[in-house]
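Asker: This is query_29.tsv, which holds TSV, C-alpha atoms:
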chain	number	residue	atom	x	y	z
U	5	MET	CA	135.16	-185.76	192.39
U	6	LYS	CA	132.37	-183.27	191.64
U	7	PHE	CA	134.04	-180.78	194.00
U	8	SER	CA	137.35	-181.17	192.12
U	9	LYS	CA	135.66	-180.53	188.78
U	10	LEU	CA	133.89	-177.51	190.22
U	11	LEU	CA	137.17	-176.16	191.61
U	12	VAL	CA	138.89	-176.60	188.24
U	13	GLY	CA	135.99	-174.88	186.58
U	14	LEU	CA	136.18	-171.93	188.97
U	15	VAL	CA	139.93	-171.63	188.56
U	16	GLY	CA	139.56	-171.73	184.78
U	17	ALA	CA	136.85	-169.11	184.88
U	18	GLY	CA	139.02	-167.00	187.17
U	19	LEU	CA	141.93	-167.14	184.72
U	20	ILE	CA	139.69	-166.13	181.83
U	21	ALA	CA	138.19	-163.30	183.86
U	22	GLY	CA	141.68	-162.20	184.90
U	23	ALA	CA	142.84	-162.12	181.28
U	24	ALA	CA	139.78	-160.15	180.24
U	25	GLN	CA	140.27	-157.70	183.10
U	26	ALA	CA	143.91	-157.18	182.08
U	27	GLN	CA	142.68	-156.15	178.62
U	28	ASP	CA	140.42	-153.55	180.19
U	29	THR	CA	143.32	-151.56	181.57
U	30	GLY	CA	146.44	-149.79	180.35
U	31	THR	CA	147.82	-150.04	176.83
U	32	LEU	CA	145.73	-153.06	175.80
U	33	LYS	CA	142.55	-151.17	176.65
U	34	LYS	CA	143.74	-148.11	174.73
U	35	ILE	CA	144.55	-150.21	171.65
U	36	LYS	CA	141.26	-152.13	171.81
U	37	GLU	CA	139.17	-148.97	172.11
U	38	THR	CA	140.93	-147.10	169.31
U	39	GLY	CA	141.65	-150.05	167.02
U	40	THR	CA	145.12	-148.54	166.58
U	41	ILE	CA	148.60	-149.27	167.89
U	42	THR	CA	151.13	-146.45	167.56
U	43	LEU	CA	154.79	-147.20	166.91
U	44	GLY	CA	157.50	-144.65	167.65
U	45	VAL	CA	159.87	-144.77	164.68
U	46	ARG	CA	163.10	-143.04	163.64
U	47	ASP	CA	164.05	-141.22	160.46
U	48	SER	CA	167.75	-142.17	160.36
U	49	SER	CA	168.56	-145.02	162.76
U	50	ASN	CA	169.64	-147.35	159.97
U	51	PRO	CA	169.19	-150.32	159.84
U	52	PHE	CA	166.92	-150.40	162.88
U	53	SER	CA	164.31	-147.79	162.00
U	54	TYR	CA	164.56	-145.32	159.14
U	55	LEU	CA	162.93	-143.76	156.11
U	56	ASP	CA	163.78	-145.32	152.75
U	57	ASP	CA	163.80	-143.55	149.37
U	58	LYS	CA	160.02	-144.01	149.11
U	59	GLN	CA	159.49	-142.27	152.48
U	60	SER	CA	158.43	-145.56	154.05
U	61	TYR	CA	159.61	-146.61	157.52
U	62	GLN	CA	161.65	-149.80	157.52
U	63	GLY	CA	164.18	-151.64	159.65
U	64	TYR	CA	165.12	-154.46	161.99
U	65	SER	CA	163.33	-152.96	164.99
U	66	ILE	CA	160.21	-152.23	162.96
U	67	ASP	CA	160.05	-155.86	161.80
U	68	LEU	CA	160.33	-156.96	165.43
U	69	CYS	CA	157.63	-154.49	166.50
U	70	LEU	CA	155.31	-155.86	163.82
U	71	LYS	CA	155.68	-159.29	165.45
U	72	ILE	CA	154.37	-157.69	168.63
U	73	VAL	CA	151.52	-156.04	166.69
U	74	THR	CA	150.41	-159.47	165.44
U	75	ALA	CA	150.53	-160.86	168.99
U	76	VAL	CA	148.52	-157.92	170.37
U	77	GLN	CA	145.87	-158.29	167.68
U	78	LYS	CA	145.54	-161.99	168.50
U	79	GLN	CA	145.42	-161.30	172.25
U	80	LEU	CA	142.61	-158.77	171.82
U	81	GLY	CA	140.71	-160.92	169.32
U	82	LEU	CA	140.62	-158.15	166.73
U	83	THR	CA	139.98	-158.92	163.07
U	84	SER	CA	142.17	-155.97	162.12
U	85	LEU	CA	144.51	-153.51	163.84
U	86	ASN	CA	145.61	-150.19	162.40
U	87	VAL	CA	149.34	-149.48	162.73
U	88	LYS	CA	150.31	-145.81	163.02
U	89	MET	CA	153.93	-144.75	162.53
U	90	ASN	CA	154.80	-141.76	164.73
U	91	PRO	CA	158.27	-140.19	164.21
U	92	VAL	CA	160.35	-139.70	167.36
U	93	THR	CA	163.90	-138.55	168.08
U	94	SER	CA	166.38	-139.59	170.73
U	95	ALA	CA	165.24	-136.62	172.80
U	96	THR	CA	161.46	-137.10	172.39
U	97	ARG	CA	161.06	-140.89	172.53
U	98	ILE	CA	160.76	-141.24	176.33
U	99	PRO	CA	158.42	-138.24	176.85
U	100	LEU	CA	156.17	-139.42	174.00
U	101	MET	CA	156.06	-142.89	175.54
U	102	ALA	CA	155.27	-141.54	178.99
U	103	ASN	CA	152.42	-139.28	177.81
U	104	GLY	CA	150.73	-142.03	175.80
U	105	THR	CA	151.48	-140.74	172.30
U	106	ILE	CA	153.28	-143.95	171.30
U	107	ASP	CA	152.71	-147.53	172.51
U	108	LEU	CA	155.98	-149.12	171.37
U	109	GLU	CA	159.26	-147.44	170.47
U	110	CYS	CA	160.85	-149.25	167.56
U	111	GLY	CA	164.29	-147.71	167.16
U	112	SER	CA	167.78	-148.13	168.57
U	113	THR	CA	167.25	-147.46	172.25
U	114	THR	CA	169.65	-148.58	174.95
U	115	ASN	CA	168.08	-150.40	177.86
U	116	ASN	CA	169.78	-149.24	181.05
U	117	VAL	CA	168.94	-149.11	184.74
U	118	GLU	CA	168.46	-145.35	184.71
U	119	ARG	CA	165.88	-145.50	181.90
U	120	GLN	CA	164.06	-148.37	183.57
U	121	LYS	CA	162.99	-145.86	186.22
U	122	GLN	CA	160.88	-144.15	183.51
U	123	VAL	CA	159.99	-146.86	180.98
U	124	ALA	CA	160.04	-150.63	180.47
U	125	PHE	CA	161.82	-152.72	177.85
U	126	ALA	CA	161.18	-155.91	175.92
U	127	PRO	CA	163.91	-158.57	175.95
U	128	THR	CA	167.13	-157.32	174.37
U	129	THR	CA	167.31	-157.67	170.58
U	130	PHE	CA	170.75	-156.20	169.85
U	131	VAL	CA	174.01	-155.57	171.70
U	132	THR	CA	176.37	-152.84	170.55
U	133	ALA	CA	179.18	-150.64	171.95
U	134	ASN	CA	179.77	-146.89	172.20
U	135	ARG	CA	182.76	-145.96	170.01
U	136	ILE	CA	184.33	-143.00	168.21
U	137	LEU	CA	183.93	-142.22	164.51
U	138	SER	CA	186.39	-139.87	162.84
U	139	LYS	CA	188.12	-139.28	159.54
U	140	LYS	CA	191.27	-141.41	159.23
U	141	ALA	CA	193.29	-138.29	158.48
U	142	SER	CA	192.54	-136.93	161.98
U	143	GLY	CA	194.56	-139.69	163.66
U	144	ILE	CA	191.99	-140.13	166.44
U	145	LYS	CA	192.12	-143.56	168.09
U	146	THR	CA	191.06	-143.11	171.71
U	147	LEU	CA	189.02	-140.92	174.03
U	148	ALA	CA	192.21	-139.09	175.08
U	149	ASP	CA	192.75	-138.04	171.45
U	150	LEU	CA	189.55	-135.96	171.65
U	151	LYS	CA	191.05	-133.58	174.22
U	152	GLY	CA	190.25	-129.96	173.41
U	153	LYS	CA	188.41	-130.83	170.20
U	154	ALA	CA	184.84	-130.38	168.93
U	155	VAL	CA	182.97	-133.67	169.21
U	156	VAL	CA	179.35	-134.42	168.34
U	157	SER	CA	176.87	-136.87	169.85
U	158	THR	CA	173.13	-137.20	169.36
U	159	SER	CA	170.76	-135.37	171.73
U	160	GLY	CA	168.84	-137.53	174.19
U	161	THR	CA	171.22	-140.50	174.00
U	162	SER	CA	173.08	-142.36	176.71
U	163	ASN	CA	176.19	-141.80	174.56
U	164	LEU	CA	175.94	-138.03	174.94
U	165	LYS	CA	175.43	-138.39	178.67
U	166	GLN	CA	178.45	-140.66	179.03
U	167	LEU	CA	180.66	-138.37	176.92
U	168	THR	CA	179.62	-135.38	179.02
U	169	GLN	CA	180.52	-137.14	182.26
U	170	LEU	CA	183.84	-138.49	180.95
U	171	ASN	CA	184.71	-135.02	179.68
U	172	ALA	CA	184.13	-133.54	183.13
U	173	ASP	CA	185.75	-136.37	185.12
U	174	GLN	CA	188.91	-136.47	182.99
U	175	ASN	CA	189.19	-132.72	182.33
U	176	LEU	CA	189.35	-133.31	178.58
U	177	GLY	CA	188.11	-129.88	177.57
U	178	ILE	CA	186.01	-131.34	174.73
U	179	ASN	CA	183.58	-128.98	173.04
U	180	ILE	CA	180.53	-131.27	172.97
U	181	LEU	CA	178.05	-130.49	170.19
U	182	PRO	CA	174.56	-132.05	170.35
U	183	ALA	CA	172.93	-133.13	167.07
U	184	LYS	CA	169.18	-133.53	166.60
U	185	ASP	CA	169.58	-136.98	164.98
U	186	HIS	CA	172.18	-139.42	163.67
U	187	ALA	CA	172.11	-138.05	160.13
U	188	GLU	CA	172.97	-134.56	161.37
U	189	ALA	CA	175.72	-135.91	163.63
U	190	PHE	CA	177.43	-137.67	160.74
U	191	LEU	CA	177.08	-134.59	158.54
U	192	MET	CA	178.91	-132.54	161.18
U	193	VAL	CA	181.92	-134.87	160.96
U	194	GLU	CA	181.68	-135.07	157.18
U	195	THR	CA	181.76	-131.27	156.85
U	196	GLY	CA	184.42	-130.72	159.52
U	197	ARG	CA	182.23	-128.99	162.09
U	198	ALA	CA	183.17	-131.78	164.50
U	199	VAL	CA	186.31	-133.90	164.50
U	200	ALA	CA	184.49	-136.99	165.77
U	201	TRP	CA	181.09	-138.52	166.54
U	202	VAL	CA	180.61	-140.65	169.66
U	203	MET	CA	177.80	-143.18	169.18
U	204	ASP	CA	176.94	-146.90	169.02
U	205	ASP	CA	179.24	-148.67	166.58
U	206	ILE	CA	176.49	-150.21	164.46
U	207	LEU	CA	174.90	-146.79	163.88
U	208	LEU	CA	178.31	-145.34	163.01
U	209	ALA	CA	178.96	-148.18	160.56
U	210	SER	CA	175.58	-147.70	158.92
U	211	GLN	CA	176.12	-143.98	158.32
U	212	VAL	CA	179.62	-144.62	156.96
U	213	SER	CA	178.43	-147.33	154.57
U	214	ASN	CA	175.88	-144.93	153.07
U	215	SER	CA	178.30	-141.99	152.83
U	216	LYS	CA	179.99	-140.56	149.73
U	217	ASN	CA	183.46	-141.81	150.71
U	218	PRO	CA	183.30	-144.66	153.25
U	219	ALA	CA	187.07	-145.26	153.05
U	220	GLU	CA	187.71	-141.83	154.62
U	221	TYR	CA	186.33	-142.87	158.01
U	222	GLU	CA	187.45	-145.00	160.92
U	223	ILE	CA	185.64	-146.39	163.97
U	224	SER	CA	187.74	-146.73	167.12
U	225	LYS	CA	188.74	-150.13	168.43
U	226	GLU	CA	188.36	-148.69	171.92
U	227	ALA	CA	184.86	-149.25	173.27
U	228	LEU	CA	183.50	-146.74	175.77
U	229	SER	CA	180.48	-148.82	176.83
U	230	VAL	CA	178.26	-151.85	176.26
U	231	GLU	CA	174.80	-150.90	174.95
U	232	PRO	CA	171.94	-153.46	174.91
U	233	TYR	CA	169.00	-152.38	172.71
U	234	GLY	CA	165.39	-153.13	173.49
U	235	ILE	CA	161.94	-152.15	172.24
U	236	MET	CA	160.55	-149.64	174.71
U	237	LEU	CA	157.07	-149.62	176.25
U	238	ARG	CA	155.30	-147.91	179.13
U	239	LYS	CA	156.30	-148.74	182.70
U	240	ASP	CA	153.95	-150.46	185.17
U	241	ASP	CA	151.75	-152.12	182.53
U	242	PRO	CA	152.27	-155.85	183.27
U	243	ALA	CA	149.49	-157.14	180.98
U	244	PHE	CA	150.90	-155.38	177.92
U	245	LYS	CA	154.49	-156.23	178.85
U	246	LYS	CA	153.58	-159.90	179.07
U	247	VAL	CA	152.27	-159.87	175.48
U	248	VAL	CA	155.35	-157.95	174.31
U	249	ASP	CA	157.83	-160.17	176.16
U	250	THR	CA	156.19	-163.35	174.91
U	251	ALA	CA	156.21	-162.15	171.30
U	252	ILE	CA	159.87	-161.10	171.34
U	253	GLY	CA	160.86	-164.12	173.41
U	254	ASN	CA	159.33	-166.39	170.77
U	255	VAL	CA	161.19	-164.59	167.97
U	256	LEU	CA	164.48	-165.06	169.84
U	257	THR	CA	164.16	-168.65	171.03
U	258	SER	CA	162.52	-170.02	167.87
U	259	GLY	CA	165.42	-168.87	165.72
U	260	ASP	CA	163.21	-166.49	163.72
U	261	VAL	CA	165.54	-163.71	164.84
U	262	ASN	CA	168.26	-165.22	162.64
U	263	ARG	CA	166.15	-164.67	159.51
U	264	ILE	CA	165.24	-161.11	160.47
U	265	TYR	CA	168.81	-160.30	161.48
U	266	HIS	CA	170.23	-161.66	158.21
U	267	LYS	CA	167.78	-159.53	156.23
U	268	TRP	CA	168.95	-156.27	157.80
U	269	PHE	CA	172.61	-156.83	158.66
U	270	MET	CA	173.95	-159.29	156.09
U	271	GLN	CA	172.00	-158.50	152.89
U	272	PRO	CA	171.79	-155.34	150.72
U	273	ILE	CA	169.14	-153.01	152.18
U	274	PRO	CA	167.33	-149.89	150.95
U	275	PRO	CA	167.81	-147.18	149.94
U	276	LYS	CA	171.22	-147.79	148.32
U	277	GLY	CA	171.30	-151.59	148.31
U	278	ILE	CA	174.38	-151.68	150.54
U	279	ALA	CA	175.04	-154.62	152.87
U	280	LEU	CA	176.48	-153.83	156.32
U	281	ASN	CA	177.99	-157.34	156.60
U	282	TRP	CA	177.68	-157.18	160.38
U	283	PRO	CA	177.52	-160.77	161.75
U	284	MET	CA	175.46	-161.50	164.84
U	285	SER	CA	177.57	-161.01	167.97
U	286	ASP	CA	178.23	-163.77	170.49
U	287	GLN	CA	176.46	-161.58	173.07
U	288	LEU	CA	173.25	-161.52	171.03
U	289	LYS	CA	173.44	-165.27	170.40
U	290	VAL	CA	173.47	-165.78	174.18
U	291	VAL	CA	170.44	-163.48	174.57
U	292	ALA	CA	168.59	-165.35	171.80
U	293	ALA	CA	169.07	-168.61	173.69
U	294	LYS	CA	168.08	-167.09	177.02
U	295	PRO	CA	166.12	-163.80	176.62
U	296	THR	CA	166.61	-161.07	179.20
U	297	ASP	CA	165.47	-157.49	179.66
U	298	SER	CA	168.31	-156.66	182.06
U	299	GLY	CA	169.54	-153.07	181.98
U	300	GLU	CA	172.92	-154.04	183.46
U	301	PRO	CA	175.75	-153.90	180.86
U	302	SER	CA	177.58	-156.71	182.67
U	303	ALA	CA	174.72	-159.06	181.80
U	304	TYR	CA	175.91	-158.96	178.19
U	305	ALA	CA	179.67	-158.41	178.00
U	306	ALA	CA	182.79	-157.26	179.81
U	307	VAL	CA	182.25	-153.63	180.79
U	308	PRO	CA	184.85	-151.17	179.36
U	309	GLU	CA	186.86	-149.14	181.88
U	310	ALA	CA	185.29	-145.86	180.71
U	311	GLN	CA	181.82	-147.22	181.46
U	312	LYS	CA	182.91	-148.67	184.79
U	313	ALA	CA	184.10	-145.24	185.86
U	314	VAL	CA	180.73	-143.67	185.03
U	315	LEU	CA	178.73	-146.47	186.70
U	316	ASN	CA	180.87	-146.43	189.84
U	317	LYS	CA	180.42	-142.68	190.22
U	318	LYS	CA	176.62	-143.08	190.02
U	319	LYS	CA	176.70	-145.63	192.84
U	320	LYS	CA	178.50	-143.24	195.20
Spell out the structure here as structure tokens.

Answerer:
Amino acid sequence: MKFSKLLVGLVGAGLIAGAAQAQDTGTLKKIKETGTITLGVRDSSNPFSYLDDKQSYQGYSIDLCLKIVTAVQKQLGLTSLNVKMNPVTSATRIPLMANGTIDLECGSTTNNVERQKQVAFAPTTFVTANRILSKKASGIKTLADLKGKAVVSTSGTSNLKQLTQLNADQNLGINILPAKDHAEAFLMVETGRAVAWVMDDILLASQVSNSKNPAEYEISKEALSVEPYGIMLRKDDPAFKKVVDTAIGNVLTSGDVNRIYHKWFMQPIPPKGIALNWPMSDQLKVVAAKPTDSGEPSAYAAVPEAQKAVLNKKKK
């Protein structure tokens, strides 16, 4: 009996020591030593991460990241934790994560197998699709309608990469124009420098809703890909990932995600007080019930033919 109690005591002590040791390495150590956690945020990824009219960063992804911040502070036993907002773009977010500038990326980043070779992801918190935005007057409905035209997509995105490959594989002759961010991409369509913008449908819808003449624009019914979003963190940091995954997992399975989602997608939001009226998808409801950080599109929805073609070519 005494031996059993001693064994339990040793095991318990070992678990405590293991937890403490995990905090002495990687991102948790960095945060504990500096008293600061740095979030990578976006200027115009509405409603996920963006600047409002008071130059304050807001959004769905930022609210989710702040849940992680609270969990990290509790894990480290800190009485306070400074939160630093560090602007990133689609092109800089992965390099800034890899070099330690940011600890979490709180934007609209697709989790895919290719990116998982460089970074890690929290459980998926949104599922969208790559579609085409154009002015209704242009008559563009499908990828084939873009043949020989000037089309914009945002630099550093999986959307731009997919468009580039489809353009080459199908000999479409599209003049692909990279934009530095989503705001610039929309402006290029608005001003006629590009006939269309290829991007995730929720980001397209957000830019349209905040535009001068929303009725002028149309988002294609044709989906080019399935895009699961996840909060990004450094690769090969299991102690930090465990805290992150637990925090997001709790938000999803507890139903708290419904409140946060409703705030950003169903209610009027800054800066113009416009509601996107974008109900939660069936795919996200499934993820909320059973969280996953899979980078496989098929884990979320039927994969569009255009995406299948790209994925199959990569496997060869």

Asker: Give me the residues near Ile98 in chain U as JSON, numbers by chain, where near means some atom within 8 Å (using only C-alpha atoms) and where sequence neighbours in that chain fewer than 3 positions away do not count.

Answerer: {"U": [95, 101, 102, 122, 123]}

Asker: Output the selection as a compact mmCIF listing (two decimals), in the frame of the given file - C-alpha atoms for each residue.

Answerer:
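The resulting out-v7.txt:
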# COMPACT_ATOMS: atom_id res chain seq x y z
CA ALA U 95 165.24 -136.62 172.80
CA MET U 101 156.06 -142.89 175.54
CA ALA U 102 155.27 -141.54 178.99
CA GLN U 122 160.88 -144.15 183.51
CA VAL U 123 159.99 -146.86 180.98

Asker: Pick the closest to Ala279 in chain U from U:Met236, U:Ala303, U:Val212, U:Ala251: which is it, counting all atoms listed in the file?

Answerer: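 Nearest candidate to Ala279 in chain U out of U:Met236, U:Ala303, U:Val212, U:Ala251: U:Val212.
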
Asker: I need every residue sitting at most 12 Å from the point (172.3, -165.7, 174.3) (coordinates as in the file, all atoms listed in the file considered), written as a VMD selection string.

Answerer: chain U and resid 127 to 131 253 256 to 257 259 261 284 to 297 303 to 305

Asker: Write out as a ChimeraX atom specification which residues come within 9 Å of Ile180 in chain U when counting all atoms listed in the file, dropping same-chain ones fewer than 4 positions away.

Answerer: /U:153-157,164,167-168,171,198

Asker: In Å, rounded to a single decimal, give me how far CA of Pro232 in chain U is from CA of Ala133 in chain U.

Answerer: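 According to the coordinates, CA of Ala133 in chain U and CA of Pro232 in chain U are separated by 8.3 Å.
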
Asker: I'd like to know which of U:Met270, U:Ile264, U:Ile144, U:Ala227 is closest to Lys312 in chain U, using all atoms listed in the file.

Answerer: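 That would be U:Ala227, the residue with the smallest distance to Lys312 in chain U.
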
Asker: Mind checking which residues fall within 12 Å of Pro99 in chain U, counting all atoms listed in the file, ignoring those fewer than 4 positions away in the same chain, and posting them as a PDB file with C-alpha atoms, in the coordinates of the input?

Answerer:
ATOM      1  CA  GLY U  44     157.500-144.650 167.650  1.00  0.00           C
ATOM      2  CA  VAL U  92     160.350-139.700 167.360  1.00  0.00           C
ATOM      3  CA  THR U  93     163.900-138.550 168.080  1.00  0.00           C
ATOM      4  CA  SER U  94     166.380-139.590 170.730  1.00  0.00           C
ATOM      5  CA  ALA U  95     165.240-136.620 172.800  1.00  0.00           C
ATOM      6  CA  ASN U 103     152.420-139.280 177.810  1.00  0.00           C
ATOM      7  CA  GLY U 104     150.730-142.030 175.800  1.00  0.00           C
ATOM      8  CA  THR U 105     151.480-140.740 172.300  1.00  0.00           C
ATOM      9  CA  ILE U 106     153.280-143.950 171.300  1.00  0.00           C
ATOM     10  CA  ASP U 107     152.710-147.530 172.510  1.00  0.00           C
ATOM     11  CA  GLU U 109     159.260-147.440 170.470  1.00  0.00           C
ATOM     12  CA  ARG U 119     165.880-145.500 181.900  1.00  0.00           C
ATOM     13  CA  GLN U 122     160.880-144.150 183.510  1.00  0.00           C
ATOM     14  CA  VAL U 123     159.990-146.860 180.980  1.00  0.00           C
ATOM     15  CA  GLY U 160     168.840-137.530 174.190  1.00  0.00           C
ATOM     16  CA  MET U 236     160.550-149.640 174.710  1.00  0.00           C
ATOM     17  CA  LEU U 237     157.070-149.620 176.250  1.00  0.00           C
ATOM     18  CA  ARG U 238     155.300-147.910 179.130  1.00  0.00           C
TER      19      ARG U 238
END

Asker: Would you work out the distance separating CA of Val199 in chain U from CA of Lys216 in chain U, expressed in Å to one decimal?

Answerer: 17.4 Å

Asker: Give as an mmCIF file with C-alpha atoms, keeping the file's coordinate frame the set of residues within 8 Å of the point (154.6, -156.8, 174.1), where distances use the file's coordinates and all atoms listed in the file.

Answerer:
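As written to disk, out37.cif reads:
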data_model
loop_
_atom_site.group_PDB
_atom_site.id
_atom_site.type_symbol
_atom_site.label_atom_id
_atom_site.label_comp_id
_atom_site.auth_asym_id
_atom_site.auth_seq_id
_atom_site.Cartn_x
_atom_site.Cartn_y
_atom_site.Cartn_z
ATOM 1 C CA ILE U 72 154.370 -157.690 168.630
ATOM 2 C CA ALA U 75 150.530 -160.860 168.990
ATOM 3 C CA VAL U 76 148.520 -157.920 170.370
ATOM 4 C CA ALA U 126 161.180 -155.910 175.920
ATOM 5 C CA LEU U 237 157.070 -149.620 176.250
ATOM 6 C CA PHE U 244 150.900 -155.380 177.920
ATOM 7 C CA LYS U 245 154.490 -156.230 178.850
ATOM 8 C CA LYS U 246 153.580 -159.900 179.070
ATOM 9 C CA VAL U 247 152.270 -159.870 175.480
ATOM 10 C CA VAL U 248 155.350 -157.950 174.310
ATOM 11 C CA ASP U 249 157.830 -160.170 176.160
ATOM 12 C CA THR U 250 156.190 -163.350 174.910
ATOM 13 C CA ALA U 251 156.210 -162.150 171.300
ATOM 14 C CA ILE U 252 159.870 -161.100 171.340
#

Asker: Please measure the separation of CA of Asp240 in chain U and CA of Arg97 in chain U, giving the value in Å to one decimal.

Answerer: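 Computing it gives 17.4 Å between the two atoms.
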
Asker: Given all atoms listed in the file as the basis, pick out the residue of U:Gln311, U:Asn50, U:Ser298, U:Gln59 nearest to Ile206 in chain U.

Answerer: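 Closest to Ile206 in chain U of all the choices is U:Asn50.
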
Asker: Find, counting all atoms listed in the file, the residue in U:Asn179, U:Ser112, U:Ser162, U:Thr132 that gets nearest to Trp282 in chain U.

Answerer: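 Comparing U:Asn179, U:Ser112, U:Ser162, U:Thr132 against Trp282 in chain U, the winner is U:Thr132.
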
Asker: Could you list, as number ranges by chain, every residue within 6 Å of Arg135 in chain U, counting all atoms listed in the file and ignoring same-chain residues fewer than 3 positions away?

Answerer: U: 202-205, 224, 227-228

Asker: My list of candidates is U:Gly234, U:Pro242, U:Pro272, U:Gly143. Which is closest to Ala200 in chain U when distances are computed with all atoms listed in the file?

Answerer: U:Gly143

Asker: Using all atoms listed in the file for the distances, tell me which of U:Lys225, U:Tyr265, U:Val117, U:Phe125 is nearest to Thr146 in chain U.

Answerer: U:Lys225

Asker: Hey, what's within 7 Å of Leu176 in chain U if we count only C-alpha atoms and toss same-chain stuff fewer than 2 positions away? As a list in words, please?

Answerer: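 Skipping anything fewer than 2 positions along the chain leaves Lys151, Gly152, Asn171, Ala172, Gln174 and Ile178 of chain U.
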